[in-house]
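Visitor: Supplied in C-alpha coordinates, the structure appears directly below.
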Amino acid sequence: MSIEYPSSLSDDQWRLLRRLIPPAKLRGRKRIDRRQIVDAILYWCRTGCQWRLLPDCFPNWNTVYGVYRAWRIDGTWQRIHDRLREKVRRKEGRKPTPTAAIIDSQSIRSAEGGELRGYDAAKRITGRKRHILVDTLGLVMVVVVHSADLQDYEGAHLVLENIRQKFRRLRVIFADSIYGRADLPEFLKQWYRVILQTVKRPVEAKGFVVLPKRWIVERTFAWLGKFRRLSKDYERLTQSSETVIRIAMIQFMLNRLEK
(Lines give C-alpha, C1' and ligand atoms only; values in the text may rest on other atoms or scores of the structure.)
Protein backbone atom coordinates (compact mmCIF):
# COMPACT_ATOMS: atom_id res chain seq x y z
CA MET A 1 0.00 0.00 0.00
CA SER A 2 1.41 3.37 -1.03
CA ILE A 3 0.27 6.59 0.66
CA GLU A 4 1.41 9.99 -0.53
CA TYR A 5 2.34 12.50 2.17
CA PRO A 6 3.17 16.21 1.81
CA SER A 7 6.83 15.24 2.25
CA SER A 8 6.70 12.62 -0.55
CA LEU A 9 8.73 13.14 -3.72
CA SER A 10 6.96 14.09 -6.93
CA ASP A 11 7.88 12.23 -10.13
CA ASP A 12 9.98 15.18 -11.32
CA GLN A 13 11.81 15.39 -8.01
CA TRP A 14 12.53 11.67 -8.04
CA ARG A 15 13.91 11.83 -11.58
CA LEU A 16 16.31 14.54 -10.43
CA LEU A 17 17.29 12.80 -7.20
CA ARG A 18 17.64 9.31 -8.71
CA ARG A 19 20.73 10.40 -10.65
CA LEU A 20 22.48 11.49 -7.47
CA ILE A 21 22.02 8.42 -5.24
CA PRO A 22 24.29 5.37 -5.36
CA PRO A 23 22.92 2.31 -7.19
CA ALA A 24 21.50 -0.52 -5.09
CA LYS A 25 23.54 -3.70 -4.71
CA LEU A 26 22.58 -6.38 -7.21
CA ARG A 27 23.31 -9.25 -4.84
CA GLY A 28 21.85 -10.12 -1.47
CA ARG A 29 18.29 -9.64 -0.28
CA LYS A 30 15.38 -8.61 -2.44
CA ARG A 31 15.80 -5.04 -3.61
CA ILE A 32 13.48 -2.43 -2.08
CA ASP A 33 12.33 0.57 -4.07
CA ARG A 34 14.78 3.38 -3.28
CA ARG A 35 12.06 5.99 -3.79
CA GLN A 36 10.03 4.51 -0.94
CA ILE A 37 13.10 4.57 1.31
CA VAL A 38 13.84 8.21 0.48
CA ASP A 39 10.17 9.12 1.03
CA ALA A 40 10.35 7.47 4.45
CA ILE A 41 13.47 9.44 5.41
CA LEU A 42 11.90 12.72 4.25
CA TYR A 43 8.75 11.87 6.25
CA TRP A 44 10.90 11.17 9.34
CA CYS A 45 12.69 14.50 8.94
CA ARG A 46 9.51 16.50 8.34
CA THR A 47 7.38 14.97 11.10
CA GLY A 48 10.10 14.25 13.69
CA CYS A 49 8.80 10.76 14.46
CA GLN A 50 10.99 7.97 15.82
CA TRP A 51 12.33 5.45 13.34
CA ARG A 52 10.26 2.66 14.86
CA LEU A 53 7.07 4.74 14.43
CA LEU A 54 7.30 5.09 10.66
CA PRO A 55 3.92 4.25 9.06
CA ASP A 56 3.45 0.71 7.74
CA CYS A 57 3.19 1.99 4.15
CA PHE A 58 6.96 2.53 4.19
CA PRO A 59 9.62 -0.21 4.14
CA ASN A 60 10.67 -1.68 7.48
CA TRP A 61 12.17 1.02 9.72
CA ASN A 62 15.37 -0.97 10.16
CA THR A 63 15.93 -0.95 6.41
CA VAL A 64 15.18 2.78 6.15
CA TYR A 65 17.50 3.62 9.02
CA GLY A 66 20.22 1.40 7.54
CA VAL A 67 20.18 3.36 4.27
CA TYR A 68 20.08 6.71 6.11
CA ARG A 69 23.10 5.71 8.23
CA ALA A 70 25.08 4.25 5.32
CA TRP A 71 24.59 7.42 3.27
CA ARG A 72 25.66 9.54 6.23
CA ILE A 73 28.86 7.58 6.70
CA ASP A 74 29.84 7.43 3.01
CA GLY A 75 29.01 11.09 2.37
CA THR A 76 26.05 10.52 0.02
CA TRP A 77 23.81 13.05 1.80
CA GLN A 78 26.61 15.63 1.61
CA ARG A 79 27.11 15.03 -2.13
CA ILE A 80 23.38 15.20 -2.89
CA HIS A 81 23.06 18.41 -0.90
CA ASP A 82 26.02 20.09 -2.60
CA ARG A 83 24.91 19.12 -6.12
CA LEU A 84 21.39 20.42 -5.52
CA ARG A 85 22.77 23.69 -4.14
CA GLU A 86 24.74 24.17 -7.34
CA LYS A 87 21.64 23.41 -9.43
CA VAL A 88 19.55 25.96 -7.51
CA ARG A 89 22.26 28.59 -7.94
CA ARG A 90 22.43 27.97 -11.68
CA LYS A 91 18.66 28.21 -11.93
CA GLU A 92 18.87 31.62 -10.23
CA GLY A 93 21.49 32.75 -12.72
CA ARG A 94 24.42 32.43 -10.31
CA LYS A 95 27.73 30.60 -10.59
CA PRO A 96 27.99 27.23 -8.79
CA THR A 97 30.03 28.64 -5.91
CA PRO A 98 29.53 32.06 -4.25
CA THR A 99 31.87 34.98 -3.58
CA ALA A 100 29.90 36.18 -0.52
CA ALA A 101 28.45 34.32 2.46
CA ILE A 102 26.85 34.90 5.87
CA ILE A 103 27.69 33.03 9.08
CA ASP A 104 25.62 32.62 12.25
CA SER A 105 24.70 30.10 14.93
CA GLN A 106 21.55 28.92 16.65
CA SER A 107 21.50 27.42 20.14
CA ILE A 108 19.06 24.54 20.45
CA ARG A 109 18.05 22.29 23.31
CA SER A 110 19.15 18.70 22.95
CA ALA A 111 17.70 15.45 24.20
CA GLU A 112 19.32 13.77 27.17
CA GLY A 113 22.47 11.88 26.37
CA GLY A 114 24.59 12.21 23.27
CA GLU A 115 27.96 13.85 22.72
CA LEU A 116 29.00 17.51 22.88
CA ARG A 117 26.35 19.13 25.04
CA GLY A 118 26.93 22.36 26.91
CA TYR A 119 25.28 25.39 28.48
CA ASP A 120 24.83 28.64 26.53
CA ALA A 121 24.66 31.20 29.35
CA ALA A 122 23.52 34.01 27.04
CA LYS A 123 20.51 32.05 25.76
CA ARG A 124 20.07 29.96 28.91
CA ILE A 125 19.98 26.79 26.84
CA THR A 126 21.58 23.43 27.55
CA GLY A 127 22.33 21.63 24.33
CA ARG A 128 24.17 22.34 21.10
CA LYS A 129 24.77 25.07 18.56
CA ARG A 130 23.96 24.78 14.86
CA HIS A 131 26.62 26.81 13.14
CA ILE A 132 25.96 27.47 9.45
CA LEU A 133 27.51 29.36 6.57
CA VAL A 134 25.01 30.29 3.84
CA ASP A 135 25.24 32.01 0.45
CA THR A 136 23.26 35.12 -0.45
CA LEU A 137 20.33 32.92 -1.50
CA GLY A 138 20.19 31.43 1.98
CA LEU A 139 21.43 28.00 0.86
CA VAL A 140 23.63 26.15 3.33
CA MET A 141 27.27 25.92 2.33
CA VAL A 142 28.72 24.49 5.56
CA VAL A 143 27.03 23.19 8.70
CA VAL A 144 28.79 22.25 11.94
CA VAL A 145 27.02 21.24 15.14
CA HIS A 146 29.00 21.69 18.36
CA SER A 147 28.52 22.20 22.08
CA ALA A 148 26.42 25.24 23.03
CA ASP A 149 29.06 26.49 25.48
CA LEU A 150 31.47 27.24 22.64
CA GLN A 151 31.55 30.95 21.75
CA ASP A 152 30.56 31.92 18.20
CA TYR A 153 34.02 33.23 17.31
CA GLU A 154 35.49 29.91 18.52
CA GLY A 155 32.97 27.73 16.71
CA ALA A 156 33.53 29.76 13.55
CA HIS A 157 36.94 28.12 13.15
CA LEU A 158 35.22 24.72 12.86
CA VAL A 159 32.97 26.11 10.12
CA LEU A 160 35.54 28.07 8.18
CA GLU A 161 38.16 25.33 8.02
CA ASN A 162 35.89 23.71 5.44
CA ILE A 163 35.89 26.60 2.96
CA ARG A 164 39.43 26.54 1.56
CA GLN A 165 39.02 23.59 -0.79
CA LYS A 166 35.32 23.80 -1.64
CA PHE A 167 34.77 27.55 -2.01
CA ARG A 168 37.86 29.06 -3.59
CA ARG A 169 35.86 32.00 -5.01
CA LEU A 170 34.69 33.14 -1.58
CA ARG A 171 35.91 36.68 -0.81
CA VAL A 172 33.70 38.15 1.95
CA ILE A 173 31.72 36.80 4.91
CA PHE A 174 29.10 38.88 6.73
CA ALA A 175 28.64 38.20 10.43
CA ASP A 176 27.39 39.43 13.78
CA SER A 177 29.70 41.75 15.71
CA ILE A 178 30.71 38.93 18.10
CA TYR A 179 32.68 37.33 15.25
CA GLY A 180 35.00 40.33 15.28
CA ARG A 181 36.59 39.14 18.53
CA ALA A 182 39.70 37.05 19.20
CA ASP A 183 41.42 38.31 16.03
CA LEU A 184 39.14 36.18 13.84
CA PRO A 185 38.98 38.78 11.00
CA GLU A 186 42.80 38.98 10.87
CA PHE A 187 43.08 35.19 10.90
CA LEU A 188 40.66 34.84 7.98
CA LYS A 189 42.37 37.53 5.95
CA GLN A 190 45.83 36.05 6.49
CA TRP A 191 45.10 32.34 6.03
CA TYR A 192 42.01 32.26 3.81
CA ARG A 193 42.22 35.63 2.02
CA VAL A 194 38.62 36.26 3.05
CA ILE A 195 37.29 39.52 4.51
CA LEU A 196 35.06 39.17 7.57
CA GLN A 197 32.64 42.11 7.61
CA THR A 198 30.65 42.51 10.80
CA VAL A 199 27.12 43.92 10.60
CA LYS A 200 26.39 45.89 13.75
CA ARG A 201 23.02 46.76 15.19
CA PRO A 202 22.35 50.55 15.13
CA VAL A 203 22.89 52.10 18.56
CA GLU A 204 19.60 54.01 18.45
CA ALA A 205 17.57 50.98 17.34
CA LYS A 206 14.88 49.60 19.65
CA GLY A 207 13.10 46.26 19.38
CA PHE A 208 13.35 44.06 16.30
CA VAL A 209 15.50 45.45 13.46
CA VAL A 210 16.20 43.82 10.09
CA LEU A 211 19.97 43.96 9.66
CA PRO A 212 21.59 43.98 6.20
CA LYS A 213 22.72 40.53 5.03
CA ARG A 214 22.18 38.92 8.45
CA TRP A 215 18.46 38.51 7.75
CA ILE A 216 19.41 35.98 5.07
CA VAL A 217 20.86 33.46 7.53
CA GLU A 218 17.99 34.09 9.96
CA ARG A 219 15.58 33.19 7.16
CA THR A 220 17.49 29.92 6.63
CA PHE A 221 17.03 29.04 10.30
CA ALA A 222 13.31 29.77 9.82
CA TRP A 223 13.21 27.35 6.87
CA LEU A 224 14.83 24.66 9.00
CA GLY A 225 12.32 25.33 11.77
CA LYS A 226 9.54 23.94 9.57
CA PHE A 227 10.99 20.44 10.02
CA ARG A 228 9.83 18.86 13.28
CA ARG A 229 12.95 16.73 13.60
CA LEU A 230 14.87 20.00 13.99
CA SER A 231 12.57 21.48 16.67
CA LYS A 232 15.10 20.05 19.12
CA ASP A 233 18.39 18.22 18.70
CA TYR A 234 17.32 14.59 19.13
CA GLU A 235 20.47 13.01 17.69
CA ARG A 236 23.14 11.30 19.77
CA LEU A 237 25.92 12.17 17.31
CA THR A 238 26.66 15.65 16.02
CA GLN A 239 27.31 14.14 12.57
CA SER A 240 23.70 12.92 12.60
CA SER A 241 22.52 16.41 13.61
CA GLU A 242 24.37 17.88 10.64
CA THR A 243 22.91 15.24 8.33
CA VAL A 244 19.33 16.06 9.38
CA ILE A 245 19.94 19.69 8.43
CA ARG A 246 21.25 18.62 5.03
CA ILE A 247 18.22 16.37 4.46
CA ALA A 248 15.89 19.25 5.34
CA MET A 249 17.70 21.49 2.87
CA ILE A 250 17.59 18.75 0.22
CA GLN A 251 13.80 18.68 0.45
CA PHE A 252 13.67 22.49 0.40
CA MET A 253 15.90 22.69 -2.69
CA LEU A 254 13.96 19.97 -4.52
CA ASN A 255 10.78 21.99 -3.99
CA ARG A 256 12.55 25.11 -5.24
CA LEU A 257 13.86 23.40 -8.36
CA GLU A 258 10.37 22.13 -9.20
CA LYS A 259 8.82 25.63 -9.24
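All residue names refer to the C-alpha coordinates as shown: chains lettered A, B, ... in order, residues numbered from 1 in each chain, ligands numbered from 1 in order.
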Please produce, as a Markdown table, a per-residue contact table for segment 90-206 of chain A versus segment 242-251 of chain A (criterion: any atom at most 12 Å away, only C-alpha atoms considered), showing the nearest atom pair and its distance in Å to one decimal, sorted by chain then residue number.

Guide:
| residue | atom | partner | partner_atom | distance |
| --- | --- | --- | --- | --- |
| A:Arg128 | CA | A:Glu242 | CA | 11.4 |
| A:Lys129 | CA | A:Glu242 | CA | 10.7 |
| A:Arg130 | CA | A:Glu242 | CA | 8.1 |
| A:His131 | CA | A:Glu242 | CA | 9.5 |
| A:Ile132 | CA | A:Glu242 | CA | 9.8 |
| A:Val134 | CA | A:Met249 | CA | 11.5 |
| A:Gly138 | CA | A:Met249 | CA | 10.3 |
| A:Leu139 | CA | A:Met249 | CA | 7.8 |
| A:Val140 | CA | A:Met249 | CA | 7.6 |
| A:Met141 | CA | A:Arg246 | CA | 9.8 |
| A:Val142 | CA | A:Glu242 | CA | 9.4 |
| A:Val143 | CA | A:Glu242 | CA | 6.2 |
| A:Val144 | CA | A:Glu242 | CA | 6.4 |
| A:Val145 | CA | A:Glu242 | CA | 6.2 |
| A:His146 | CA | A:Glu242 | CA | 9.8 |
| A:Val159 | CA | A:Glu242 | CA | 11.9 |

Visitor: How many Å lie between atom CA of Val194 of chain A and atom CA of Asp152 of chain A, rounded to one decimal?

Guide: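 It comes out at 17.7 Å.
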
Visitor: Given only C-alpha atoms, how would the per-residue table for segment 85-166 of chain A near segment 172-191 of chain A read, listing every residue at most 6 Å away with its closest atom pair and distance in Å to one decimal, sorted by chain and number, as JSON lines?

Guide:
{"residue": "A:Ala100", "atom": "CA", "partner": "A:Val172", "partner_atom": "CA", "distance": 4.9}
{"residue": "A:Ala101", "atom": "CA", "partner": "A:Ile173", "partner_atom": "CA", "distance": 4.8}
{"residue": "A:Ile102", "atom": "CA", "partner": "A:Phe174", "partner_atom": "CA", "distance": 4.7}
{"residue": "A:Ile103", "atom": "CA", "partner": "A:Ala175", "partner_atom": "CA", "distance": 5.4}
{"residue": "A:Tyr153", "atom": "CA", "partner": "A:Tyr179", "partner_atom": "CA", "distance": 4.8}

Visitor: For the selection just defined, write its residues with N, CA and C atoms to a file, as an mmCIF file, in the first residue's frame.

Guide:
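After the write, selection-v9.cif holds the following:
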data_model
loop_
_atom_site.group_PDB
_atom_site.id
_atom_site.type_symbol
_atom_site.label_atom_id
_atom_site.label_comp_id
_atom_site.auth_asym_id
_atom_site.auth_seq_id
_atom_site.Cartn_x
_atom_site.Cartn_y
_atom_site.Cartn_z
ATOM 1 N N ALA A 100 30.299 35.587 -1.803
ATOM 2 C CA ALA A 100 29.902 36.180 -0.525
ATOM 3 C C ALA A 100 29.070 35.185 0.265
ATOM 4 N N ALA A 101 29.184 35.239 1.594
ATOM 5 C CA ALA A 101 28.449 34.319 2.465
ATOM 6 C C ALA A 101 28.125 35.013 3.777
ATOM 7 N N ILE A 102 27.253 34.388 4.552
ATOM 8 C CA ILE A 102 26.853 34.898 5.865
ATOM 9 C C ILE A 102 26.973 33.754 6.868
ATOM 10 N N ILE A 103 27.506 34.051 8.051
ATOM 11 C CA ILE A 103 27.688 33.028 9.082
ATOM 12 C C ILE A 103 26.893 33.395 10.326
ATOM 13 N N TYR A 153 32.749 32.981 17.992
ATOM 14 C CA TYR A 153 34.024 33.226 17.315
ATOM 15 C C TYR A 153 34.975 32.035 17.444
#

Visitor: Just the residues within 6 Å of Tyr119 of chain A, please, counting only C-alpha atoms, with nothing from its chain fewer than 2 positions along; format it as a PDB file with all heavy atoms, in the first residue's frame.

Guide:
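What ended up in around_4.pdb:
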ATOM      1  N   ALA A 121      25.126  30.313  28.277  1.00  0.00           N
ATOM      2  CA  ALA A 121      24.662  31.200  29.350  1.00  0.00           C
ATOM      3  C   ALA A 121      23.865  32.379  28.811  1.00  0.00           C
ATOM      4  O   ALA A 121      22.931  32.853  29.459  1.00  0.00           O
ATOM      5  CB  ALA A 121      25.861  31.696  30.151  1.00  0.00           C
ATOM      6  N   ILE A 125      20.358  28.034  27.505  1.00  0.00           N
ATOM      7  CA  ILE A 125      19.982  26.790  26.837  1.00  0.00           C
ATOM      8  C   ILE A 125      21.072  25.752  27.056  1.00  0.00           C
ATOM      9  O   ILE A 125      22.264  26.039  26.864  1.00  0.00           O
ATOM     10  CB  ILE A 125      19.770  27.023  25.325  1.00  0.00           C
ATOM     11  CG1 ILE A 125      18.494  27.836  25.093  1.00  0.00           C
ATOM     12  CG2 ILE A 125      19.708  25.690  24.565  1.00  0.00           C
ATOM     13  CD1 ILE A 125      18.238  28.175  23.629  1.00  0.00           C
ATOM     14  N   THR A 126      20.661  24.560  27.461  1.00  0.00           N
ATOM     15  CA  THR A 126      21.582  23.431  27.553  1.00  0.00           C
ATOM     16  C   THR A 126      21.401  22.569  26.320  1.00  0.00           C
ATOM     17  O   THR A 126      20.305  22.056  26.075  1.00  0.00           O
ATOM     18  CB  THR A 126      21.316  22.591  28.815  1.00  0.00           C
ATOM     19  OG1 THR A 126      21.517  23.410  29.968  1.00  0.00           O
ATOM     20  CG2 THR A 126      22.261  21.394  28.875  1.00  0.00           C
ATOM     21  N   ALA A 148      26.973  23.889  22.911  1.00  0.00           N
ATOM     22  CA  ALA A 148      26.415  25.238  23.031  1.00  0.00           C
ATOM     23  C   ALA A 148      27.287  26.162  23.863  1.00  0.00           C
ATOM     24  O   ALA A 148      27.113  27.387  23.797  1.00  0.00           O
ATOM     25  CB  ALA A 148      25.013  25.165  23.640  1.00  0.00           C
ATOM     26  N   ASP A 149      28.215  25.631  24.648  1.00  0.00           N
ATOM     27  CA  ASP A 149      29.061  26.494  25.481  1.00  0.00           C
ATOM     28  C   ASP A 149      30.251  27.065  24.718  1.00  0.00           C
ATOM     29  O   ASP A 149      31.033  27.845  25.268  1.00  0.00           O
ATOM     30  CB  ASP A 149      29.535  25.764  26.733  1.00  0.00           C
ATOM     31  CG  ASP A 149      30.324  24.503  26.412  1.00  0.00           C
ATOM     32  OD1 ASP A 149      30.559  24.224  25.217  1.00  0.00           O
ATOM     33  OD2 ASP A 149      30.685  23.771  27.364  1.00  0.00           O
TER      34      ASP A 149
END

Visitor: Please list as a ChimeraX atom specification every residue within 9 Å of Leu20 of chain A, counting only C-alpha atoms and excluding residues in the same chain fewer than 4 positions away.

Guide: /A:16,76,79-80,83

Visitor: To one decimal place, how far is atom CA of Gly75 of chain A from atom CA of Trp223 of chain A in Å?

Guide: 23.1 Å

Visitor: Can you work out the spacing between atom CA of Arg236 of chain A and atom CA of Arg18 of chain A in Å, to one decimal?

Guide: 29.1 Å

Visitor: Could you check which of A:Ile216, A:Val199, A:Cys49, A:Leu158 is closest to Ser231 of chain A, using only C-alpha atoms?

Guide: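 Residue with the minimum atom-to-atom distance to Ser231 of chain A: A:Cys49.
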
Visitor: Find, counting only C-alpha atoms, the residue in A:Arg35, A:Arg109, A:Arg117, A:Lys213 that gets nearest to Ser10 of chain A.

Guide: A:Arg35

Visitor: Pick out each residue of segment 171-259 of chain A that DSSP on the backbone tags as strand (DSSP E); I need them as a PyMOL selection string.

Guide: chain A and resi 172-175+195-198

Visitor: Nearest to Leu42 of chain A among A:Leu9, A:Leu84, A:Ala24, A:Cys57, with distances taken over only C-alpha atoms: which residue is it?

Guide: A:Leu9

Visitor: Based on DSSP run over this structure's backbone, return all residues of segment 43-108 of chain A in helix (DSSP H, G or I), as a PyMOL selection string.

Guide: chain A and resi 43-47+51-53+61-73+76-91

Visitor: Give me, as a list in words, all polymer residues having an atom no more than 10 Å from Val67 of chain A, counting only C-alpha atoms and skipping those fewer than 5 positions away in the same chain.

Guide: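 So the residues in contact are Arg34, Ile37, Val38, Ile41, Trp61, Asn62, Arg72 and Ile73 of chain A.
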
Visitor: Please dump the current selection as an mmCIF file, in the first residue's frame; keep N, CA, C and O atoms.

Guide:
data_model
loop_
_atom_site.group_PDB
_atom_site.id
_atom_site.type_symbol
_atom_site.label_atom_id
_atom_site.label_comp_id
_atom_site.auth_asym_id
_atom_site.auth_seq_id
_atom_site.Cartn_x
_atom_site.Cartn_y
_atom_site.Cartn_z
ATOM 1 N N ARG A 34 14.045 2.307 -3.930
ATOM 2 C CA ARG A 34 14.777 3.382 -3.282
ATOM 3 C C ARG A 34 13.894 4.619 -3.067
ATOM 4 O O ARG A 34 14.105 5.378 -2.129
ATOM 5 N N ILE A 37 12.172 4.354 0.195
ATOM 6 C CA ILE A 37 13.095 4.569 1.310
ATOM 7 C C ILE A 37 13.361 6.065 1.498
ATOM 8 O O ILE A 37 13.334 6.581 2.619
ATOM 9 N N VAL A 38 13.602 6.774 0.392
ATOM 10 C CA VAL A 38 13.844 8.215 0.484
ATOM 11 C C VAL A 38 12.599 8.932 1.002
ATOM 12 O O VAL A 38 12.689 9.838 1.843
ATOM 13 N N ILE A 41 12.496 8.592 4.720
ATOM 14 C CA ILE A 41 13.474 9.441 5.408
ATOM 15 C C ILE A 41 12.998 10.892 5.415
ATOM 16 O O ILE A 41 13.125 11.598 6.431
ATOM 17 N N TRP A 61 11.380 -0.099 9.196
ATOM 18 C CA TRP A 61 12.166 1.017 9.724
ATOM 19 C C TRP A 61 13.652 0.689 9.802
ATOM 20 O O TRP A 61 14.521 1.557 9.627
ATOM 21 N N ASN A 62 13.968 -0.563 10.057
ATOM 22 C CA ASN A 62 15.366 -0.970 10.161
ATOM 23 C C ASN A 62 16.086 -0.796 8.830
ATOM 24 O O ASN A 62 17.245 -0.374 8.773
ATOM 25 N N ARG A 72 24.979 8.550 5.387
ATOM 26 C CA ARG A 72 25.660 9.540 6.233
ATOM 27 C C ARG A 72 27.143 9.238 6.320
ATOM 28 O O ARG A 72 27.980 10.129 6.182
ATOM 29 N N ILE A 73 27.464 7.978 6.517
ATOM 30 C CA ILE A 73 28.861 7.577 6.704
ATOM 31 C C ILE A 73 29.658 7.730 5.417
ATOM 32 O O ILE A 73 30.808 8.197 5.436
#
